[in-house]
$ cat query16.txt   # compact mmCIF, C-alpha atoms
# COMPACT_ATOMS: atom_id res chain seq x y z
CA ASP Q 1179 0.00 0.00 0.00
CA GLY Q 1180 1.86 3.05 -1.28
CA GLY Q 1181 1.59 6.49 0.18
CA ILE Q 1182 2.57 8.88 2.92
CA THR Q 1183 2.04 8.10 6.58
CA GLN Q 1184 2.10 10.56 9.44
CA SER Q 1185 2.08 9.63 13.08
CA PRO Q 1186 0.57 10.14 15.50
CA LYS Q 1187 -2.80 11.41 14.26
CA TYR Q 1188 -3.34 13.41 17.46
CA LEU Q 1189 -0.59 14.69 19.75
CA PHE Q 1190 -0.79 16.56 23.01
CA ARG Q 1191 2.15 18.41 24.46
CA LYS Q 1192 2.80 20.43 27.55
CA GLU Q 1193 4.29 23.89 27.17
CA GLY Q 1194 8.08 23.83 27.17
CA GLN Q 1195 8.39 20.35 25.68
CA ASN Q 1196 9.86 19.44 22.31
CA VAL Q 1197 7.89 16.99 20.19
CA THR Q 1198 8.70 15.15 16.95
CA LEU Q 1199 6.16 14.45 14.21
CA SER Q 1200 6.84 11.51 11.95
CA CYS Q 1201 6.47 11.48 8.15
CA GLU Q 1202 7.31 8.43 6.04
CA GLN Q 1203 6.76 7.81 2.32
CA ASN Q 1204 7.20 4.69 0.21
CA LEU Q 1205 6.64 6.43 -3.13
CA ASN Q 1206 10.38 6.80 -3.86
CA HIS Q 1207 9.90 10.57 -4.05
CA ASP Q 1208 12.92 12.86 -3.90
CA ALA Q 1209 11.25 15.92 -2.40
CA MET Q 1210 9.41 16.21 0.91
CA TYR Q 1211 7.65 19.14 2.59
CA TRP Q 1212 6.12 20.23 5.88
CA TYR Q 1213 3.19 22.63 6.02
CA ARG Q 1214 1.27 24.08 8.91
CA GLN Q 1215 -2.48 24.69 8.59
CA ASP Q 1216 -4.40 27.14 10.77
CA PRO Q 1217 -8.06 28.11 10.28
CA GLY Q 1218 -8.42 30.88 7.71
CA GLN Q 1219 -4.70 30.95 6.86
CA GLY Q 1220 -4.37 28.16 4.38
CA LEU Q 1221 -1.14 26.16 4.25
CA ARG Q 1222 2.15 27.75 5.22
CA LEU Q 1223 5.49 26.14 4.38
CA ILE Q 1224 7.74 25.26 7.33
CA TYR Q 1225 10.63 23.31 5.75
CA TYR Q 1226 11.29 21.35 2.59
CA SER Q 1227 13.90 18.94 1.30
CA GLN Q 1228 14.62 18.24 -2.36
CA ILE Q 1229 17.24 15.57 -1.72
CA VAL Q 1230 18.61 13.43 1.11
CA ASN Q 1231 20.85 15.27 3.59
CA ASP Q 1232 19.67 18.68 2.39
CA PHE Q 1233 16.76 20.90 3.42
CA GLN Q 1234 15.68 24.54 3.21
CA LYS Q 1235 13.67 26.83 5.45
CA GLY Q 1236 10.20 27.80 4.39
CA ASP Q 1237 8.19 30.86 5.33
CA ILE Q 1238 7.68 30.00 9.02
CA ALA Q 1239 10.71 27.90 10.06
CA GLU Q 1240 11.34 29.60 13.41
CA GLY Q 1241 10.83 27.21 16.30
CA TYR Q 1242 10.98 24.12 14.09
CA SER Q 1243 13.76 21.74 12.99
CA VAL Q 1244 13.97 18.85 10.51
CA SER Q 1245 16.34 16.15 9.30
CA ARG Q 1246 16.52 14.14 6.08
CA GLU Q 1247 18.86 11.24 6.72
CA LYS Q 1248 16.85 8.80 4.60
CA LYS Q 1249 14.90 9.31 1.40
CA GLU Q 1250 11.73 7.85 2.96
CA SER Q 1251 11.69 9.91 6.15
CA PHE Q 1252 11.39 13.62 6.99
CA PRO Q 1253 10.64 14.11 10.70
CA LEU Q 1254 9.65 17.52 12.06
CA THR Q 1255 10.55 18.63 15.59
CA VAL Q 1256 8.44 21.35 17.17
CA THR Q 1257 10.65 22.97 19.77
CA SER Q 1258 9.75 24.92 22.88
CA ALA Q 1259 10.82 28.06 20.97
CA GLN Q 1260 7.71 27.82 18.76
CA LYS Q 1261 5.37 30.28 20.43
CA ASN Q 1262 2.05 29.02 19.12
CA PRO Q 1263 2.47 25.39 18.04
CA THR Q 1264 -1.16 24.28 18.24
CA ALA Q 1265 -2.10 23.52 14.61
CA PHE Q 1266 -2.68 20.82 11.99
CA TYR Q 1267 0.60 19.68 10.43
CA LEU Q 1268 0.73 18.25 6.92
CA CYS Q 1269 3.59 16.39 5.28
CA ALA Q 1270 3.85 16.05 1.50
CA SER Q 1271 6.15 14.59 -1.11
CA SER Q 1272 6.71 14.89 -4.85
CA PRO Q 1273 8.82 13.04 -7.41
CA GLY Q 1274 11.82 14.29 -9.37
CA GLN Q 1275 12.71 17.79 -10.42
CA GLU Q 1276 10.02 18.52 -12.95
CA ASN Q 1277 7.88 21.57 -12.27
CA HIS Q 1278 4.61 19.96 -13.26
CA ASN Q 1279 4.61 17.37 -10.49
CA GLU Q 1280 1.85 17.58 -7.95
CA GLN Q 1281 2.50 17.09 -4.27
CA PHE Q 1282 1.04 14.08 -2.45
CA PHE Q 1283 -0.14 14.69 1.09
CA GLY Q 1284 -0.24 12.58 4.22
CA PRO Q 1285 -3.29 12.45 6.54
CA GLY Q 1286 -1.89 15.06 8.94
CA THR Q 1287 -1.08 15.32 12.65
CA ARG Q 1288 -3.10 17.57 14.93
CA LEU Q 1289 -0.88 19.00 17.65
CA THR Q 1290 -2.40 20.56 20.74
CA VAL Q 1291 -0.35 22.31 23.38
CA LEU Q 1292 -1.90 22.14 26.83
CA ALA Z 191 7.35 36.04 -5.85
CA GLN Z 192 4.55 33.70 -6.73
CA SER Z 193 1.17 34.01 -5.01
CA VAL Z 194 -2.38 32.78 -5.18
CA ALA Z 195 -5.61 34.50 -4.17
CA GLN Z 196 -8.92 32.82 -3.45
CA PRO Z 197 -11.27 35.78 -3.06
CA GLU Z 198 -14.15 33.88 -1.46
CA ASP Z 199 -13.87 32.33 1.99
CA GLN Z 200 -17.19 30.52 1.51
CA VAL Z 201 -19.30 29.47 -1.46
CA ASN Z 202 -22.83 28.13 -1.04
CA VAL Z 203 -24.54 26.20 -3.84
CA ALA Z 204 -27.75 24.23 -4.13
CA GLU Z 205 -27.38 20.58 -5.04
CA GLY Z 206 -27.65 20.08 -8.80
CA ASN Z 207 -26.59 23.63 -9.63
CA PRO Z 208 -23.26 24.47 -11.26
CA LEU Z 209 -20.47 25.56 -8.96
CA THR Z 210 -17.46 27.81 -9.40
CA VAL Z 211 -14.60 28.33 -6.95
CA LYS Z 212 -12.39 31.24 -7.94
CA CYS Z 213 -8.60 31.47 -8.02
CA THR Z 214 -6.24 34.11 -9.36
CA TYR Z 215 -2.47 33.86 -9.45
CA SER Z 216 0.71 35.88 -9.81
CA VAL Z 217 3.98 34.41 -11.12
CA SER Z 218 7.02 35.76 -12.92
CA GLY Z 219 7.19 32.97 -15.50
CA ASN Z 220 4.84 30.34 -16.85
CA PRO Z 221 2.42 29.11 -14.20
CA TYR Z 222 1.81 25.53 -13.16
CA LEU Z 223 -1.56 25.51 -11.39
CA PHE Z 224 -3.18 22.94 -9.12
CA TRP Z 225 -6.44 22.34 -7.27
CA TYR Z 226 -6.75 20.25 -4.13
CA VAL Z 227 -9.68 19.28 -1.90
CA GLN Z 228 -9.61 18.68 1.84
CA TYR Z 229 -12.25 16.91 3.94
CA PRO Z 230 -12.37 17.50 7.72
CA ASN Z 231 -9.28 16.33 9.61
CA ARG Z 232 -7.78 14.80 6.46
CA GLY Z 233 -4.86 15.54 4.18
CA LEU Z 234 -5.22 17.26 0.82
CA GLN Z 235 -6.33 15.28 -2.22
CA PHE Z 236 -5.17 16.29 -5.69
CA LEU Z 237 -7.99 17.16 -8.14
CA LEU Z 238 -6.33 18.50 -11.29
CA LYS Z 239 -3.50 20.56 -12.71
CA TYR Z 240 -2.70 22.87 -15.61
CA ILE Z 241 0.71 22.54 -17.22
CA THR Z 242 0.33 23.71 -20.79
CA GLY Z 243 -1.96 23.24 -23.78
CA ASP Z 244 -5.74 23.11 -23.56
CA ASN Z 245 -7.11 25.82 -21.28
CA LEU Z 246 -9.86 23.54 -19.99
CA VAL Z 247 -8.50 20.87 -17.67
CA LYS Z 248 -10.57 17.91 -16.53
CA GLY Z 249 -9.91 16.22 -13.21
CA SER Z 250 -11.27 13.87 -10.59
CA TYR Z 251 -14.92 13.57 -9.41
CA GLY Z 252 -16.28 15.54 -12.40
CA PHE Z 253 -14.35 18.72 -11.62
CA GLU Z 254 -12.75 20.88 -14.29
CA ALA Z 255 -10.84 24.15 -14.31
CA GLU Z 256 -10.39 26.87 -16.87
CA PHE Z 257 -7.02 28.56 -17.30
CA ASN Z 258 -7.25 32.19 -18.44
CA LYS Z 259 -3.86 33.77 -19.02
CA SER Z 260 -5.11 37.30 -19.68
CA GLN Z 261 -7.10 37.34 -16.44
CA THR Z 262 -4.47 35.28 -14.54
CA SER Z 263 -7.23 33.03 -13.29
CA PHE Z 264 -7.76 29.30 -12.82
CA HIS Z 265 -11.34 28.84 -11.62
CA LEU Z 266 -12.58 25.42 -10.51
CA LYS Z 267 -15.95 24.34 -11.90
CA LYS Z 268 -18.44 21.50 -11.82
CA PRO Z 269 -21.65 21.37 -13.89
CA SER Z 270 -23.81 19.81 -11.17
CA ALA Z 271 -22.88 20.01 -7.48
CA LEU Z 272 -23.33 17.14 -5.03
CA VAL Z 273 -23.74 17.37 -1.25
CA SER Z 274 -20.63 15.20 -1.00
CA ASP Z 275 -18.63 17.98 -2.74
CA SER Z 276 -18.87 20.03 0.46
CA ALA Z 277 -15.26 20.51 1.57
CA LEU Z 278 -12.36 22.96 1.67
CA TYR Z 279 -10.76 23.70 -1.71
CA PHE Z 280 -7.24 24.98 -2.25
CA CYS Z 281 -5.66 26.49 -5.34
CA ALA Z 282 -1.85 26.32 -5.64
CA VAL Z 283 0.85 27.57 -8.01
CA ARG Z 284 4.48 26.90 -8.90
CA ASP Z 285 6.48 28.75 -11.57
CA TRP Z 286 9.72 26.77 -11.85
CA GLY Z 287 11.63 23.68 -10.81
CA ASN Z 288 10.40 21.39 -8.09
CA THR Z 289 9.96 24.18 -5.57
CA PRO Z 290 7.16 23.88 -3.02
CA LEU Z 291 3.66 24.75 -4.10
CA VAL Z 292 2.30 28.06 -2.87
CA PHE Z 293 -1.27 27.71 -1.66
CA GLY Z 294 -4.21 30.07 -1.40
CA LYS Z 295 -6.07 30.41 1.88
CA GLY Z 296 -8.79 28.04 0.80
CA THR Z 297 -12.50 28.31 -0.04
CA ARG Z 298 -15.09 26.38 1.90
CA LEU Z 299 -17.74 24.96 -0.41
CA SER Z 300 -21.12 24.10 1.05
CA VAL Z 301 -23.60 22.25 -1.15
CA ILE Z 302 -27.11 22.37 0.23
CA ALA Z 303 -29.66 19.63 -0.51
$ encode --input "query16.txt" --output "structure tokens"
Amino acid sequence: DGGITQSPKYLFRKEGQNVTLSCEQNLNHDAMYWYRQDPGQGLRLIYYSQIVNDFQKGDIAEGYSVSREKKESFPLTVTSAQKNPTAFYLCASSPGQENHNEQFFGPGTRLTVL
Amino acid sequence: AQSVAQPEDQVNVAEGNPLTVKCTYSVSGNPYLFWYVQYPNRGLQFLLKYITGDNLVKGSYGFEAEFNKSQTSFHLKKPSALVSDSALYFCAVRDWGNTPLVFGKGTRLSVIA
């Protein structure tokens, strides 16, 4: 069963704690992305990676960190420096370098800070 | 910088009527345009894309979109709306390479029986 998996589906965190969101894909895609979704604000790019061992900051990278040690995996850490982390987090991937490729999305992780 | 605008936060349509969800874009080069749909607490599902060629693009679930270069628009359409089409719709754009898609803020479509 090919696709993108994100875990956990729901995550609760106390203020001051770091938390890591998992994203795995078995589509053999080169590029992977993390977006944050808040009501009325659409999707905002946090980080992206076009190749293993390389990643770039998106529009709202402050308070977040990522790694891309394997092609299949792109975990996102929400650090205690992120001031308002409660949101729905979406991971996506896309193949190759062509500009016409759509992005495939995972089911999302809803993070709530208590 | 590339950008997308979805001017309507909410669109209400009666079941069986045609629907249109609007999208305008701004890019420096040739646009690559996409539509996605999102159901509650789910990821985004790809509907259709415009790359080049025919201005009318057909996609999943009976949706289509019309690319208009002079008006820089890419409106999503469906001839006859279903209650099950009720969801959040996102327009997205990319102008080069495999850079991340830039998304609009989304339009909530409500189809009323």
$ closest_residue --input "query16.txt" --among "Q:Thr1290, Q:Thr1257, Q:Gln1228, Q:Gln1281" --to "Arg1191 in chain Q" --atoms "only C-alpha atoms"
Q:Thr1290
$ closest_atom_pairs --input "query16.txt" --of "chain Z" --to "chain Q" --cutoff "12 Å" --atoms "only C-alpha atoms" --output "JSON lines"
{"residue": "Z:Val194", "atom": "CA", "partner": "Q:Gly1220", "partner_atom": "CA", "distance": 10.8}
{"residue": "Z:Ala195", "atom": "CA", "partner": "Q:Gly1220", "partner_atom": "CA", "distance": 10.7}
{"residue": "Z:Gln196", "atom": "CA", "partner": "Q:Gly1220", "partner_atom": "CA", "distance": 10.2}
{"residue": "Z:Glu198", "atom": "CA", "partner": "Q:Gly1218", "partner_atom": "CA", "distance": 11.2}
{"residue": "Z:Asp199", "atom": "CA", "partner": "Q:Gly1218", "partner_atom": "CA", "distance": 8.0}
{"residue": "Z:Gln200", "atom": "CA", "partner": "Q:Gly1218", "partner_atom": "CA", "distance": 10.7}
{"residue": "Z:Gly219", "atom": "CA", "partner": "Q:Asn1277", "partner_atom": "CA", "distance": 11.9}
{"residue": "Z:Asn220", "atom": "CA", "partner": "Q:Asn1277", "partner_atom": "CA", "distance": 10.4}
{"residue": "Z:Pro221", "atom": "CA", "partner": "Q:His1278", "partner_atom": "CA", "distance": 9.5}
{"residue": "Z:Tyr222", "atom": "CA", "partner": "Q:His1278", "partner_atom": "CA", "distance": 6.2}
{"residue": "Z:Leu223", "atom": "CA", "partner": "Q:His1278", "partner_atom": "CA", "distance": 8.5}
{"residue": "Z:Phe224", "atom": "CA", "partner": "Q:Glu1280", "partner_atom": "CA", "distance": 7.4}
{"residue": "Z:Trp225", "atom": "CA", "partner": "Q:Glu1280", "partner_atom": "CA", "distance": 9.6}
{"residue": "Z:Tyr226", "atom": "CA", "partner": "Q:Gln1281", "partner_atom": "CA", "distance": 9.8}
{"residue": "Z:Val227", "atom": "CA", "partner": "Q:Phe1283", "partner_atom": "CA", "distance": 11.0}
{"residue": "Z:Gln228", "atom": "CA", "partner": "Q:Pro1285", "partner_atom": "CA", "distance": 10.0}
{"residue": "Z:Tyr229", "atom": "CA", "partner": "Q:Pro1285", "partner_atom": "CA", "distance": 10.3}
{"residue": "Z:Pro230", "atom": "CA", "partner": "Q:Pro1285", "partner_atom": "CA", "distance": 10.5}
{"residue": "Z:Asn231", "atom": "CA", "partner": "Q:Gly1286", "partner_atom": "CA", "distance": 7.5}
{"residue": "Z:Arg232", "atom": "CA", "partner": "Q:Pro1285", "partner_atom": "CA", "distance": 5.1}
{"residue": "Z:Gly233", "atom": "CA", "partner": "Q:Pro1285", "partner_atom": "CA", "distance": 4.2}
{"residue": "Z:Leu234", "atom": "CA", "partner": "Q:Phe1283", "partner_atom": "CA", "distance": 5.7}
{"residue": "Z:Gln235", "atom": "CA", "partner": "Q:Phe1283", "partner_atom": "CA", "distance": 7.0}
{"residue": "Z:Phe236", "atom": "CA", "partner": "Q:Phe1282", "partner_atom": "CA", "distance": 7.3}
{"residue": "Z:Leu237", "atom": "CA", "partner": "Q:Glu1280", "partner_atom": "CA", "distance": 9.9}
{"residue": "Z:Leu238", "atom": "CA", "partner": "Q:Glu1280", "partner_atom": "CA", "distance": 8.9}
{"residue": "Z:Lys239", "atom": "CA", "partner": "Q:Glu1280", "partner_atom": "CA", "distance": 7.8}
{"residue": "Z:Tyr240", "atom": "CA", "partner": "Q:His1278", "partner_atom": "CA", "distance": 8.2}
{"residue": "Z:Ile241", "atom": "CA", "partner": "Q:His1278", "partner_atom": "CA", "distance": 6.1}
{"residue": "Z:Thr242", "atom": "CA", "partner": "Q:His1278", "partner_atom": "CA", "distance": 9.4}
{"residue": "Z:Leu278", "atom": "CA", "partner": "Q:Gly1220", "partner_atom": "CA", "distance": 9.9}
{"residue": "Z:Tyr279", "atom": "CA", "partner": "Q:Gly1220", "partner_atom": "CA", "distance": 9.9}
{"residue": "Z:Phe280", "atom": "CA", "partner": "Q:Gly1220", "partner_atom": "CA", "distance": 7.9}
{"residue": "Z:Cys281", "atom": "CA", "partner": "Q:Gly1220", "partner_atom": "CA", "distance": 9.9}
{"residue": "Z:Ala282", "atom": "CA", "partner": "Q:Glu1280", "partner_atom": "CA", "distance": 9.8}
{"residue": "Z:Val283", "atom": "CA", "partner": "Q:His1278", "partner_atom": "CA", "distance": 10.0}
{"residue": "Z:Arg284", "atom": "CA", "partner": "Q:Asn1277", "partner_atom": "CA", "distance": 7.2}
{"residue": "Z:Asp285", "atom": "CA", "partner": "Q:Asn1277", "partner_atom": "CA", "distance": 7.3}
{"residue": "Z:Trp286", "atom": "CA", "partner": "Q:Asn1277", "partner_atom": "CA", "distance": 5.5}
{"residue": "Z:Gly287", "atom": "CA", "partner": "Q:Asn1277", "partner_atom": "CA", "distance": 4.5}
{"residue": "Z:Asn288", "atom": "CA", "partner": "Q:Gln1275", "partner_atom": "CA", "distance": 4.9}
{"residue": "Z:Thr289", "atom": "CA", "partner": "Q:Asn1277", "partner_atom": "CA", "distance": 7.5}
{"residue": "Z:Pro290", "atom": "CA", "partner": "Q:Tyr1211", "partner_atom": "CA", "distance": 7.4}
{"residue": "Z:Leu291", "atom": "CA", "partner": "Q:Gln1281", "partner_atom": "CA", "distance": 7.7}
{"residue": "Z:Val292", "atom": "CA", "partner": "Q:Arg1222", "partner_atom": "CA", "distance": 8.1}
{"residue": "Z:Phe293", "atom": "CA", "partner": "Q:Leu1221", "partner_atom": "CA", "distance": 6.1}
{"residue": "Z:Gly294", "atom": "CA", "partner": "Q:Gly1220", "partner_atom": "CA", "distance": 6.1}
{"residue": "Z:Lys295", "atom": "CA", "partner": "Q:Gly1220", "partner_atom": "CA", "distance": 3.8}
{"residue": "Z:Gly296", "atom": "CA", "partner": "Q:Gly1220", "partner_atom": "CA", "distance": 5.7}
{"residue": "Z:Thr297", "atom": "CA", "partner": "Q:Gly1218", "partner_atom": "CA", "distance": 9.1}
{"residue": "Z:Arg298", "atom": "CA", "partner": "Q:Gly1218", "partner_atom": "CA", "distance": 9.9}
$ residues_near_point --input "query16.txt" --point "(5.4, 9.8, 9.7)" --cutoff "6 Å" --atoms "all atoms listed in the file" --output "list in words"
Thr1183, Gln1184, Ser1185, Ser1200, Cys1201 and Glu1202 of chain Q
$ residues_around --input "query16.txt" --residues "range 267-277 of chain Z" --least-positions-apart "5" --cutoff "7 Å" --atoms "only C-alpha atoms" --output "ChimeraX atom specification"
/Z:205-211,227-229,252-255,298-303
$ residues_around --input "query16.txt" --residues "Glu1247 in chain Q" --least-positions-apart "2" --cutoff "8 Å" --atoms "only C-alpha atoms" --output "CSV table (one decimal) with C-alpha atoms, keeping the file's coordinate frame"
chain,number,residue,atom,x,y,z
Q,1230,VAL,CA,18.6,13.4,1.1
Q,1231,ASN,CA,20.8,15.3,3.6
Q,1245,SER,CA,16.3,16.2,9.3
Q,1249,LYS,CA,14.9,9.3,1.4
Q,1251,SER,CA,11.7,9.9,6.2
Q,1252,PHE,CA,11.4,13.6,7.0
